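**Student:** My structure is below; once you've seen it, I'll send some questions.
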Amino acid sequence: MNSFLSLGLSESILHRLEELGYTEPTPIQIEAIPAILAGRDVLAAAQTGTGKTAGFALPILQRLVAGPGVKSNHIRALVLTPTRELAVQVEQSIATYGENLPLKSAVVYGGVKINPQMMKLRGGVDILVATPGRLLDLFSLNAVKFAQVETLVLDEADRMLDMGFIHDIRKLFSLLPEERQTLLFSATFSEAIHTLAAGLLQRPVQLEITPRNSTAQSVRQYVLEVDKGKKSSLLSHLICCRGWGQVLVFTRTRYRADQLVKRLKRDGISAAAIHGEKSQNERSRALAAFKKNQLRLLVATDVAARGLDITELPLVVNFDLPKIPENYVHRIGRTGRAGLQGEAISLVSADEVKLLAAIESVIHQTLVRQQETGFVPTHKVPLTRQVQERPKKPKKVKK
Ligand code: AMP
C-alpha cells in the first residue's frame, strides 16, 4: 500500500490528512507531490476526480510555509481556474488542507462586487485562486501585485482555452515573475494546450494519470436510444422506475436546461438548473441544495458544470450529447470519483448519431446501446455510426 509518508510531506500536513481520513495517496498525488516539492514544473493530464487538487495544493502549502511572509497586496501562489464554481471549490480544498498552517488563502471571480475582494487582498494572501478576467481587473486597480509569485497553477487549462481565456491568460503570464514554478493540469490535450505548455513550462515532469482523452474506468457508460421529443418523458420514467437519487443532468443549451427543469417539476421531481444566465447566488444555492440531497436533479450546461466536485455522485445523464466531444470526458468525470463506481447514461436521438461517433472516436471505445424496457417510444430509431434518415412523414392525401 502506498502512503503519504513516503512522499516527503511535513508532519503538520500528514496530521491534517489523517484528520481528513485520507489514508492512501491517489496515483496523481504519488507522482505530483514529490515533483512539486522538488520545485519542478509539471504538465499533468488528469481529470477532476483523480485527487489532483490535493496533488498540487499539499506541496504548494508545504513550500509556502517554509518561505518568507507575504507583503501587502501581494500573493505567493496563484491558481487560475476557468469558472467561478471551480475557483470556489479549489479554494475550499486549499483552506481545508491548510487549516492548521499559518497561511492565508482567498478566492476572486467575476460577477460579484469587486470591493470586498480588494479588501481581502489588502493584507496579502499566500494562495490566491482566481478566474482570469477578474484577476486582471484587480491588477489594473492595483489591488494585487505579482512580484512575490513563486508558483502558478493552471487548472483545467483546456477549459480555459475553450472558454476563450487565451488573451487574458497570456496577458497574466507577461505580468508574472519569469522565475517561478508552473504547473499545468488539463483533462484533454489538444495542439493548443501543447503550444501553451511549450511556452510556459521549463523541462516539466510529465504525468499522464488517465490515458489521454479517456474516461474513468470506474464509470459504467451506455447509451439509451430515444426519440428526440421523448427525452424528458424517458428521463422522468427512469427517475421514477429506477428510484434514482442524486443525478447530474447535462443539456446542450440554457434554454433546454430551463425547459427540462420545468417539465421535471411538473412531474413532481425536484430539480434546478445552473447555467451562465443564472446569478452566482442562484447557482451557489442550487449547488448547495443538490449537495445536501434537497434537490434530486441538477440540470447543467457544460460551462456551468465544469469543475463541480460533488462527492460520491453516482450518476450523470447526458440529456443531450455535447457538441464538443471532449466535453463528454469532462461531464462523465463528475461520477466514479476517487475510485467509486459511477454510471453515465446518454439519451441519444437519431439526430445525434454523428456526435456520438465523434465522442466514441475521442474515448476510443464504442458505447453499449440499450433500449429502456417498459418505456415504449413511438418510433424505434436504430442508432448506428452512420447518420440515419428520419422516418418520412406520410404525405397528406387530398380528399
Ligand atoms: P479532485 O480530483 O481534486 O477534484 O478530488 C476529488 C475528490 O477526492 C475530492 O472530494 C477530494 O476530497 C477527494 N480526495 C482527494 N485525494 C484523496 C485521497 N488521497 N483519499 C481520499 N479522498 C481523496
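Convention: chains lettered A, B, ... in C-alpha cells order; per-chain residue numbering from 1; ligands numbered from 1 as shown.
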Please list as a PyMOL selection string every residue within 12 Å of segment 284-298 of chain A, counting only C-alpha atoms and excluding residues in the same chain fewer than 5 positions away.
**Tutor:** chain A and resi 84-86+88-89+235-236+239-240+243-251+257-258+260-262+264-265+268-275+278-279+304-305+308-319
**Student:** Restrict the selected residues to N, CA and C atoms and save them as a compact mmCIF listing (two decimals), in the first residue's frame.
**Tutor:**
# COMPACT_ATOMS: atom_id res chain seq x y z
N ARG A 84 -16.06 30.19 -11.94
CA ARG A 84 -16.21 30.61 -10.54
C ARG A 84 -16.39 29.40 -9.65
N GLU A 85 -17.23 28.46 -10.09
CA GLU A 85 -17.52 27.30 -9.24
C GLU A 85 -16.24 26.52 -8.93
N LEU A 86 -15.44 26.32 -9.96
CA LEU A 86 -14.20 25.58 -9.72
C LEU A 86 -13.30 26.38 -8.79
N VAL A 88 -14.11 28.44 -6.44
CA VAL A 88 -14.60 28.34 -5.06
C VAL A 88 -14.22 26.97 -4.47
N GLN A 89 -14.42 25.93 -5.27
CA GLN A 89 -14.12 24.59 -4.75
C GLN A 89 -12.64 24.38 -4.48
N LEU A 235 -36.63 10.44 -19.23
CA LEU A 235 -35.88 10.79 -18.02
C LEU A 235 -36.77 10.68 -16.78
N SER A 236 -37.99 11.24 -16.85
CA SER A 236 -38.92 11.13 -15.71
C SER A 236 -39.16 9.66 -15.39
N ILE A 239 -36.15 8.13 -13.64
CA ILE A 239 -36.01 8.61 -12.26
C ILE A 239 -36.98 7.86 -11.36
N CYS A 240 -38.20 7.70 -11.84
CA CYS A 240 -39.21 7.03 -11.02
C CYS A 240 -38.96 5.53 -10.93
N GLY A 243 -35.69 4.53 -9.26
CA GLY A 243 -35.51 5.10 -7.92
C GLY A 243 -34.23 5.93 -7.81
N TRP A 244 -33.90 6.66 -8.87
CA TRP A 244 -32.66 7.43 -8.85
C TRP A 244 -32.71 8.51 -7.78
N GLY A 245 -31.61 8.69 -7.10
CA GLY A 245 -31.50 9.78 -6.13
C GLY A 245 -30.87 10.98 -6.78
N GLN A 246 -29.62 11.22 -6.42
CA GLN A 246 -28.91 12.41 -6.91
C GLN A 246 -28.41 12.22 -8.34
N VAL A 247 -28.91 13.03 -9.26
CA VAL A 247 -28.48 12.90 -10.66
C VAL A 247 -28.05 14.25 -11.21
N LEU A 248 -26.91 14.25 -11.87
CA LEU A 248 -26.48 15.47 -12.58
C LEU A 248 -26.81 15.28 -14.05
N VAL A 249 -27.60 16.20 -14.60
CA VAL A 249 -28.07 16.06 -15.98
C VAL A 249 -27.47 17.19 -16.84
N PHE A 250 -26.97 16.83 -17.99
CA PHE A 250 -26.41 17.84 -18.88
C PHE A 250 -27.31 18.09 -20.09
N THR A 251 -27.54 19.37 -20.37
CA THR A 251 -28.23 19.72 -21.61
C THR A 251 -27.29 20.59 -22.43
N ALA A 257 -32.07 23.47 -20.63
CA ALA A 257 -31.94 23.20 -19.19
C ALA A 257 -33.18 23.71 -18.46
N ASP A 258 -33.57 24.96 -18.76
CA ASP A 258 -34.74 25.54 -18.09
C ASP A 258 -36.02 24.78 -18.43
N LEU A 260 -36.32 21.69 -19.31
CA LEU A 260 -36.31 20.37 -18.68
C LEU A 260 -36.68 20.48 -17.21
N VAL A 261 -36.14 21.50 -16.54
CA VAL A 261 -36.46 21.67 -15.11
C VAL A 261 -37.97 21.88 -14.95
N LYS A 262 -38.54 22.71 -15.82
CA LYS A 262 -39.99 22.97 -15.75
C LYS A 262 -40.76 21.65 -15.88
N LEU A 264 -39.71 18.55 -15.41
CA LEU A 264 -39.50 17.62 -14.29
C LEU A 264 -40.31 18.04 -13.08
N LYS A 265 -40.33 19.35 -12.84
CA LYS A 265 -41.11 19.85 -11.69
C LYS A 265 -42.57 19.48 -11.86
N GLY A 268 -43.34 16.29 -10.66
CA GLY A 268 -43.15 16.13 -9.21
C GLY A 268 -41.73 15.80 -8.81
N ILE A 269 -40.76 16.10 -9.68
CA ILE A 269 -39.36 15.78 -9.37
C ILE A 269 -38.62 17.08 -9.04
N SER A 270 -37.95 17.11 -7.89
CA SER A 270 -37.28 18.36 -7.51
C SER A 270 -36.01 18.53 -8.36
N ALA A 271 -35.92 19.69 -9.01
CA ALA A 271 -34.79 19.92 -9.91
C ALA A 271 -34.49 21.41 -9.99
N ALA A 272 -33.23 21.74 -10.31
CA ALA A 272 -32.87 23.15 -10.55
C ALA A 272 -31.83 23.18 -11.66
N ALA A 273 -31.78 24.32 -12.35
CA ALA A 273 -30.82 24.45 -13.45
C ALA A 273 -29.68 25.37 -13.04
N ILE A 274 -28.46 25.05 -13.48
CA ILE A 274 -27.38 26.03 -13.33
C ILE A 274 -26.80 26.27 -14.72
N HIS A 275 -26.75 27.54 -15.08
CA HIS A 275 -26.13 27.91 -16.36
C HIS A 275 -25.72 29.36 -16.30
N LYS A 278 -27.83 32.30 -14.95
CA LYS A 278 -28.23 32.34 -13.53
C LYS A 278 -27.21 33.18 -12.77
N SER A 279 -27.68 33.88 -11.74
CA SER A 279 -26.74 34.69 -10.96
C SER A 279 -25.87 33.74 -10.13
N ALA A 304 -21.33 25.70 -16.95
CA ALA A 304 -21.67 25.83 -15.54
C ALA A 304 -21.19 24.64 -14.73
N ALA A 305 -21.13 23.49 -15.35
CA ALA A 305 -20.85 22.28 -14.58
C ALA A 305 -19.37 21.98 -14.42
N LEU A 308 -17.32 21.05 -11.04
CA LEU A 308 -18.14 20.75 -9.86
C LEU A 308 -17.62 19.51 -9.17
N ASP A 309 -17.41 19.62 -7.88
CA ASP A 309 -16.99 18.44 -7.14
C ASP A 309 -18.10 18.05 -6.18
N ILE A 310 -18.87 17.08 -6.58
CA ILE A 310 -19.95 16.63 -5.71
C ILE A 310 -19.55 15.23 -5.28
N THR A 311 -19.25 15.11 -4.01
CA THR A 311 -18.67 13.85 -3.52
C THR A 311 -19.63 12.69 -3.78
N GLU A 312 -19.06 11.61 -4.25
CA GLU A 312 -19.78 10.36 -4.47
C GLU A 312 -21.01 10.50 -5.34
N LEU A 313 -20.93 11.28 -6.38
CA LEU A 313 -22.05 11.40 -7.30
C LEU A 313 -22.20 10.08 -8.06
N PRO A 314 -23.36 9.42 -7.91
CA PRO A 314 -23.46 8.09 -8.52
C PRO A 314 -23.78 8.12 -10.02
N LEU A 315 -24.38 9.21 -10.49
CA LEU A 315 -24.96 9.14 -11.82
C LEU A 315 -24.91 10.46 -12.58
N VAL A 316 -24.49 10.35 -13.84
CA VAL A 316 -24.54 11.51 -14.73
C VAL A 316 -25.39 11.12 -15.94
N VAL A 317 -26.30 12.00 -16.34
CA VAL A 317 -27.10 11.74 -17.52
C VAL A 317 -26.82 12.81 -18.57
N ASN A 318 -26.46 12.38 -19.75
CA ASN A 318 -26.34 13.32 -20.87
C ASN A 318 -27.71 13.37 -21.54
N PHE A 319 -28.46 14.40 -21.21
CA PHE A 319 -29.77 14.56 -21.83
C PHE A 319 -29.57 14.89 -23.31
**Student:** List the spatial neighbours of Ile13 of chain A as a list in words - criterion: any atom at most 10 Å away, only C-alpha atoms, same-chain residues fewer than 6 positions off excluded.
**Tutor:**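 The residues satisfying every condition are Phe4, Glu19, Leu58, Pro59, Leu61, Gln62, Tyr97, Gly98, Glu99, Asn100 and Leu101 of chain A.
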**Student:** List the neighbours of Arg180 of chain A out to 10 Å using only C-alpha atoms; skip same-chain residues closer than 4 positions along the sequence, and give me the result as a list in words.
**Tutor:**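 Near neighbours after the sequence-gap exclusion: Gly39, Arg40, Asp41, Ala77, Gln148, Val149, Glu150, Thr151, Leu152, Leu176, Leu201 and Gln202 of chain A.
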**Student:** Pick from A:Gln341, A:Ser72, A:Ser93, A:Thr83: nearest to ligand 1, with only C-alpha atoms and all ligand atoms counted?
**Tutor:**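 Nearest to ligand 1: A:Ser93.
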**Student:** What is the distance between atom 20 (N, counted along the ligand's line) of ligand 1 and atom CA of Leu20 of chain A, in Å to one decimal?
**Tutor:**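 Between these atoms lies a distance of 8.5 Å.
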**Student:** Name the residues of segment 137-280 of chain A that come out as strand (DSSP E or B) in a backbone DSSP run; write them as an MDAnalysis selection string.
**Tutor:** chainID A and resid 145 151:154 181:186 205:208 219:225 247:250 271:274
**Student:** What is the atom CA of Ala198 of chain A-atom CA of Leu183 of chain A distance in Å, reported with one decimal?
**Tutor:** 12.1 Å
